[in-house]
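Chemist: My questions will all concern the structure given below.
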Amino acid sequence: MSPILFWIFSLLMLGFAASVVVNRHPVASAMSLVVSFISLAALYVSLDAYFIGTIQVLVYAGAVMVLFLFIIMLLDLRVEQRRRINAVATIGGSLVAIAFVVQLMAVIHRLPGGKQPFPPLQAGNLDDVRNIGTTLFTAFNLPFQVVGVLLLVASIGVVVLSKRELK
Amino acid sequence: MITLNDTLLVSGLLFAIGFAGVMLRRNIIIIFMCLELMLNAANLSLVAFSRFQVGPSGLPNYNGQMLVFFIITVAAAEVAVGLAIIVALYRARHTTHVEDISSMKF
């Protein structure tokens, strides 16, 4: 992918991520988050991670965000009332975020190989999904099955939490 | 050309935006969305490192993408459980504002 497209999608992603934080209406925040996730999927594709980009769109921009919007509309949240701003949290949060970015820039300037472009991949088509499937079912077979159990536990937990009266 | 530094910088900025959102916002659903932003920032840097370390066969190092796969799975489960907790909390307290939910027992 050309650098121009990379920067366009990066700016889209960061801009809509900032809009998630700034927007006062929860539905507007959720819609901004969808755009941010789709731009992030484009960045994954630009890094030749086609499978990860696809499941980013399917799972995050699809399933997770539908769940968020569903809950926002179920709870019928309105625009937040303006309250007194908590000065300590605002200043502290901004300071820590800015300090994190400064620290990160200092670290990545000393990263070995960080200033080289990404090395080229093998010629021809990249069998991304097949390679990922092979790795997943051989080297990562046990974690894969553990994650299946985790999803089962999570869905049972959601059913228990959603029951009217907790015993 | 795009370098590893550029990708890591974008990922770090996304993490900082998510972190600032968690600190600044008081709506529990927005806080939860910002947590998702931070998880995605970590995923972006993992994919960048996976693409950067090309092996002798000319393939990216798939261990990083495997970790991203598991993070996405766990995040989906986490969102389901977290939103169920938020709904239960809203039923009990009729608010999603974290400053109204400061007592540990009711």
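Just remember, in the structure tokens the first chain shown is A, the second B, etc., residues are 1-based per chain, and ligands are 1-based in the order shown.
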Set the distance at 6 Å and use only C-alpha atoms: which residues neighbour range 2-15 of chain B once local chain neighbours fewer than 4 positions away are removed? I'd like the list as a PDB file with N, CA and C atoms, in the first residue's frame.
Modeler:
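Output file out_12.pdb is given in full below:
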```pdb
ATOM      1  N   PRO A   3       2.318   4.940   0.801  1.00  0.00           N
ATOM      2  CA  PRO A   3       2.374   5.698   2.067  1.00  0.00           C
ATOM      3  C   PRO A   3       1.237   6.694   2.214  1.00  0.00           C
ATOM      4  N   GLY A 114      14.192   0.338  13.206  1.00  0.00           N
ATOM      5  CA  GLY A 114      12.904   1.019  13.147  1.00  0.00           C
ATOM      6  C   GLY A 114      12.779   1.978  11.974  1.00  0.00           C
ATOM      7  N   LYS A 115      13.919   2.454  11.460  1.00  0.00           N
ATOM      8  CA  LYS A 115      13.841   3.436  10.380  1.00  0.00           C
ATOM      9  C   LYS A 115      13.905   2.797   9.000  1.00  0.00           C
ATOM     10  N   GLN A 116      14.121   1.457   8.945  1.00  0.00           N
ATOM     11  CA  GLN A 116      14.109   0.792   7.635  1.00  0.00           C
ATOM     12  C   GLN A 116      12.668   0.523   7.225  1.00  0.00           C
ATOM     13  N   PRO A 117      12.412   0.476   5.913  1.00  0.00           N
ATOM     14  CA  PRO A 117      11.076   0.042   5.486  1.00  0.00           C
ATOM     15  C   PRO A 117      10.882  -1.443   5.763  1.00  0.00           C
TER      16      PRO A 117
ATOM     17  N   MET B  38      -7.855   0.893  23.241  1.00  0.00           N
ATOM     18  CA  MET B  38      -6.518   0.558  23.720  1.00  0.00           C
ATOM     19  C   MET B  38      -6.128  -0.852  23.295  1.00  0.00           C
ATOM     20  N   ALA B  41      -5.050  -0.724  19.743  1.00  0.00           N
ATOM     21  CA  ALA B  41      -3.719  -0.145  19.568  1.00  0.00           C
ATOM     22  C   ALA B  41      -2.654  -1.217  19.774  1.00  0.00           C
ATOM     23  N   LEU B  44      -2.495  -3.394  16.711  1.00  0.00           N
ATOM     24  CA  LEU B  44      -1.815  -2.787  15.556  1.00  0.00           C
ATOM     25  C   LEU B  44      -0.305  -2.933  15.691  1.00  0.00           C
ATOM     26  N   SER B  45       0.227  -2.717  16.900  1.00  0.00           N
ATOM     27  CA  SER B  45       1.679  -2.848  17.030  1.00  0.00           C
ATOM     28  C   SER B  45       2.102  -4.308  16.879  1.00  0.00           C
TER      29      SER B  45
END
```
Chemist: Excluding same-chain residues fewer than 3 positions from Ile71 in chain A, what lies within 10 Å of it counting only C-alpha atoms, as a ChimeraX atom specification?
Modeler: /A:65-68,74-77 /B:29,83-84,86-87
Chemist: Please produce, as CSV, a per-residue contact table for chain A versus chain B (criterion: any atom at most 7 Å away, only C-alpha atoms considered), showing the nearest atom pair and its distance in Å to one decimal, sorted by chain then residue number.
Modeler:
```
residue,atom,partner,partner_atom,distance
A:Pro3,CA,B:Ile2,CA,5.9
A:Ser10,CA,B:Val10,CA,6.7
A:Leu14,CA,B:Leu14,CA,6.1
A:Ala17,CA,B:Ile17,CA,6.9
A:Ala18,CA,B:Ile17,CA,6.3
A:Val21,CA,B:Gly21,CA,5.2
A:Pro26,CA,B:Ile30,CA,6.9
A:Leu47,CA,B:Arg51,CA,6.3
A:Val64,CA,B:Ala76,CA,6.4
A:Ala89,CA,B:Met23,CA,6.2
A:Thr90,CA,B:Leu24,CA,5.4
A:Gly93,CA,B:Met23,CA,5.1
A:Ser94,CA,B:Ala20,CA,6.0
A:Ala97,CA,B:Ala16,CA,5.0
A:Phe100,CA,B:Ala16,CA,6.9
A:Val101,CA,B:Gly12,CA,6.6
A:Leu104,CA,B:Gly12,CA,7.0
A:Ile108,CA,B:Asn5,CA,6.1
A:Gly114,CA,B:Leu4,CA,5.1
A:Lys115,CA,B:Thr3,CA,5.6
A:Gln116,CA,B:Thr3,CA,5.7
A:Pro117,CA,B:Thr3,CA,4.4
A:Phe118,CA,B:Phe52,CA,5.4
A:Pro119,CA,B:Phe52,CA,6.5
A:Leu121,CA,B:Gly58,CA,4.9
A:Gln122,CA,B:Gly58,CA,4.4
A:Ile132,CA,B:Tyr62,CA,6.8
A:Leu151,CA,B:Ala77,CA,6.0
A:Ala154,CA,B:Ala77,CA,5.8
A:Gly157,CA,B:Val81,CA,6.9
A:Val158,CA,B:Val81,CA,5.4
A:Leu161,CA,B:Ala84,CA,6.2
A:Ser162,CA,B:Ala84,CA,6.2
```
Chemist: Residues of the last selection are to be written out with C-alpha atoms, as a PDB file, in the first residue's frame.
Modeler:
```pdb
ATOM      1  CA  PRO A   3       2.374   5.698   2.067  1.00  0.00           C
ATOM      2  CA  SER A  10      -4.106   6.536  10.081  1.00  0.00           C
ATOM      3  CA  LEU A  14      -6.995   8.701  15.008  1.00  0.00           C
ATOM      4  CA  ALA A  17     -10.926   7.738  17.860  1.00  0.00           C
ATOM      5  CA  ALA A  18     -10.637  11.286  19.210  1.00  0.00           C
ATOM      6  CA  VAL A  21     -13.745  10.615  23.384  1.00  0.00           C
ATOM      7  CA  PRO A  26     -23.197   7.783  23.114  1.00  0.00           C
ATOM      8  CA  LEU A  47       0.557  -4.627   6.594  1.00  0.00           C
ATOM      9  CA  VAL A  64     -19.010  -5.948  19.005  1.00  0.00           C
ATOM     10  CA  ALA A  89      -8.869  13.685  36.500  1.00  0.00           C
ATOM     11  CA  THR A  90      -8.781  15.935  33.418  1.00  0.00           C
ATOM     12  CA  GLY A  93      -5.309  12.057  32.458  1.00  0.00           C
ATOM     13  CA  SER A  94      -4.072  14.459  29.787  1.00  0.00           C
ATOM     14  CA  ALA A  97      -1.343  10.489  27.981  1.00  0.00           C
ATOM     15  CA  PHE A 100       3.198   8.349  27.330  1.00  0.00           C
ATOM     16  CA  VAL A 101       3.477   9.722  23.776  1.00  0.00           C
ATOM     17  CA  LEU A 104       7.128   6.356  23.180  1.00  0.00           C
ATOM     18  CA  ILE A 108      11.077   4.234  19.071  1.00  0.00           C
ATOM     19  CA  GLY A 114      12.904   1.019  13.147  1.00  0.00           C
ATOM     20  CA  LYS A 115      13.841   3.436  10.380  1.00  0.00           C
ATOM     21  CA  GLN A 116      14.109   0.792   7.635  1.00  0.00           C
ATOM     22  CA  PRO A 117      11.076   0.042   5.486  1.00  0.00           C
ATOM     23  CA  PHE A 118       9.339  -3.291   5.965  1.00  0.00           C
ATOM     24  CA  PRO A 119      11.251  -6.154   4.283  1.00  0.00           C
ATOM     25  CA  LEU A 121       7.572 -10.773   1.302  1.00  0.00           C
ATOM     26  CA  GLN A 122       7.968 -13.784  -0.972  1.00  0.00           C
ATOM     27  CA  ILE A 132      -2.729 -18.773   9.713  1.00  0.00           C
ATOM     28  CA  LEU A 151     -16.218 -18.334  25.049  1.00  0.00           C
ATOM     29  CA  ALA A 154     -18.500 -16.125  28.898  1.00  0.00           C
ATOM     30  CA  GLY A 157     -21.877 -15.927  32.487  1.00  0.00           C
ATOM     31  CA  VAL A 158     -23.853 -13.465  30.375  1.00  0.00           C
ATOM     32  CA  LEU A 161     -25.910 -11.983  34.756  1.00  0.00           C
ATOM     33  CA  SER A 162     -28.934 -11.132  32.619  1.00  0.00           C
TER      34      SER A 162
END
```
Chemist: So which one's closest to Ile52 in chain A, A:Asp128, A:Val107, A:Ala28, A:Arg83? Using only C-alpha atoms, please.
Modeler: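 Nearest candidate to Ile52 in chain A out of A:Asp128, A:Val107, A:Ala28, A:Arg83: A:Asp128.
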Chemist: If I take CA of Gln103 in chain A and CA of Ala41 in chain A, how far is one from the other in Å, to one decimal?
Modeler: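 Distance reported for this atom pair: 26.5 Å.
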Chemist: Between CA of Arg84 in chain A and CA of His25 in chain A, what distance in Å does the model show, to one decimal?
Modeler: 17.5 Å
Chemist: As a PyMOL selection string, please: all residues of range 16-103 of chain B that backbone DSSP puts in alpha helix (DSSP H).
Modeler: chain B and resi 16-24+28-52+62-93
Chemist: Store the residues picked out above, limited to C-alpha atoms, as a PDB file, in the first residue's frame.
Modeler:
```pdb
ATOM      1  CA  ALA B  16      -2.944   7.501  24.272  1.00  0.00           C
ATOM      2  CA  ILE B  17      -6.339   8.601  22.910  1.00  0.00           C
ATOM      3  CA  GLY B  18      -7.981   5.543  24.466  1.00  0.00           C
ATOM      4  CA  PHE B  19      -6.213   6.127  27.768  1.00  0.00           C
ATOM      5  CA  ALA B  20      -7.212   9.796  27.833  1.00  0.00           C
ATOM      6  CA  GLY B  21     -10.794   8.706  27.164  1.00  0.00           C
ATOM      7  CA  VAL B  22     -10.770   6.301  30.091  1.00  0.00           C
ATOM      8  CA  MET B  23      -9.438   9.038  32.374  1.00  0.00           C
ATOM      9  CA  LEU B  24     -11.590  11.925  31.121  1.00  0.00           C
ATOM     10  CA  ILE B  28     -19.294   3.886  31.760  1.00  0.00           C
ATOM     11  CA  ILE B  29     -20.158   2.823  28.182  1.00  0.00           C
ATOM     12  CA  ILE B  30     -17.769   5.389  26.692  1.00  0.00           C
ATOM     13  CA  ILE B  31     -15.079   4.184  29.108  1.00  0.00           C
ATOM     14  CA  PHE B  32     -15.675   0.668  27.836  1.00  0.00           C
ATOM     15  CA  MET B  33     -15.351   1.803  24.201  1.00  0.00           C
ATOM     16  CA  CYS B  34     -12.067   3.507  25.019  1.00  0.00           C
ATOM     17  CA  LEU B  35     -10.811   0.249  26.526  1.00  0.00           C
ATOM     18  CA  GLU B  36     -11.523  -1.358  23.153  1.00  0.00           C
ATOM     19  CA  LEU B  37      -9.485   1.396  21.484  1.00  0.00           C
ATOM     20  CA  MET B  38      -6.518   0.558  23.720  1.00  0.00           C
ATOM     21  CA  LEU B  39      -6.786  -3.150  22.887  1.00  0.00           C
ATOM     22  CA  ASN B  40      -6.815  -2.299  19.184  1.00  0.00           C
ATOM     23  CA  ALA B  41      -3.719  -0.145  19.568  1.00  0.00           C
ATOM     24  CA  ALA B  42      -1.886  -3.142  21.020  1.00  0.00           C
ATOM     25  CA  ASN B  43      -3.148  -5.281  18.118  1.00  0.00           C
ATOM     26  CA  LEU B  44      -1.815  -2.787  15.556  1.00  0.00           C
ATOM     27  CA  SER B  45       1.679  -2.848  17.030  1.00  0.00           C
ATOM     28  CA  LEU B  46       1.607  -6.678  17.158  1.00  0.00           C
ATOM     29  CA  VAL B  47       0.664  -6.885  13.467  1.00  0.00           C
ATOM     30  CA  ALA B  48       3.414  -4.375  12.624  1.00  0.00           C
ATOM     31  CA  PHE B  49       6.055  -6.426  14.431  1.00  0.00           C
ATOM     32  CA  SER B  50       4.743  -9.600  12.784  1.00  0.00           C
ATOM     33  CA  ARG B  51       5.102  -7.985   9.345  1.00  0.00           C
ATOM     34  CA  PHE B  52       8.525  -6.579  10.213  1.00  0.00           C
ATOM     35  CA  TYR B  62       2.669 -15.532  12.271  1.00  0.00           C
ATOM     36  CA  ASN B  63       3.094 -15.764  16.065  1.00  0.00           C
ATOM     37  CA  GLY B  64       2.202 -12.086  16.371  1.00  0.00           C
ATOM     38  CA  GLN B  65      -0.938 -12.499  14.298  1.00  0.00           C
ATOM     39  CA  MET B  66      -1.938 -15.509  16.402  1.00  0.00           C
ATOM     40  CA  LEU B  67      -1.753 -13.329  19.509  1.00  0.00           C
ATOM     41  CA  VAL B  68      -3.949 -10.746  17.756  1.00  0.00           C
ATOM     42  CA  PHE B  69      -6.442 -13.489  16.915  1.00  0.00           C
ATOM     43  CA  PHE B  70      -6.658 -14.545  20.573  1.00  0.00           C
ATOM     44  CA  ILE B  71      -6.882 -10.930  21.759  1.00  0.00           C
ATOM     45  CA  ILE B  72      -9.841 -10.322  19.426  1.00  0.00           C
ATOM     46  CA  THR B  73     -11.572 -13.476  20.707  1.00  0.00           C
ATOM     47  CA  VAL B  74     -11.050 -12.594  24.356  1.00  0.00           C
ATOM     48  CA  ALA B  75     -12.101  -8.985  23.713  1.00  0.00           C
ATOM     49  CA  ALA B  76     -15.369 -10.163  22.172  1.00  0.00           C
ATOM     50  CA  ALA B  77     -16.084 -12.311  25.240  1.00  0.00           C
ATOM     51  CA  GLU B  78     -15.086  -9.418  27.482  1.00  0.00           C
ATOM     52  CA  VAL B  79     -17.477  -7.043  25.717  1.00  0.00           C
ATOM     53  CA  ALA B  80     -20.367  -9.488  26.122  1.00  0.00           C
ATOM     54  CA  VAL B  81     -19.756  -9.966  29.861  1.00  0.00           C
ATOM     55  CA  GLY B  82     -19.006  -6.276  30.460  1.00  0.00           C
ATOM     56  CA  LEU B  83     -22.163  -5.078  28.756  1.00  0.00           C
ATOM     57  CA  ALA B  84     -24.221  -7.636  30.716  1.00  0.00           C
ATOM     58  CA  ILE B  85     -22.728  -6.209  33.911  1.00  0.00           C
ATOM     59  CA  ILE B  86     -23.551  -2.666  32.749  1.00  0.00           C
ATOM     60  CA  VAL B  87     -27.167  -3.671  32.051  1.00  0.00           C
ATOM     61  CA  ALA B  88     -27.464  -5.286  35.493  1.00  0.00           C
ATOM     62  CA  LEU B  89     -25.960  -2.164  37.064  1.00  0.00           C
ATOM     63  CA  TYR B  90     -28.373   0.083  35.163  1.00  0.00           C
ATOM     64  CA  ARG B  91     -31.316  -2.002  36.363  1.00  0.00           C
ATOM     65  CA  ALA B  92     -30.208  -1.600  39.969  1.00  0.00           C
ATOM     66  CA  ARG B  93     -29.114   2.044  39.902  1.00  0.00           C
TER      67      ARG B  93
END
```
Chemist: How many Å lie between CA of Val79 in chain A and CA of Arg24 in chain A, rounded to one decimal?
Modeler: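 Atom-to-atom, CA of Val79 in chain A and CA of Arg24 in chain A are spaced 5.8 Å apart.
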Chemist: Pick the closest to Gly53 in chain A from A:Val27, A:Val129, A:Ala139, A:Ile156: which is it, counting only C-alpha atoms?
Modeler: A:Val129
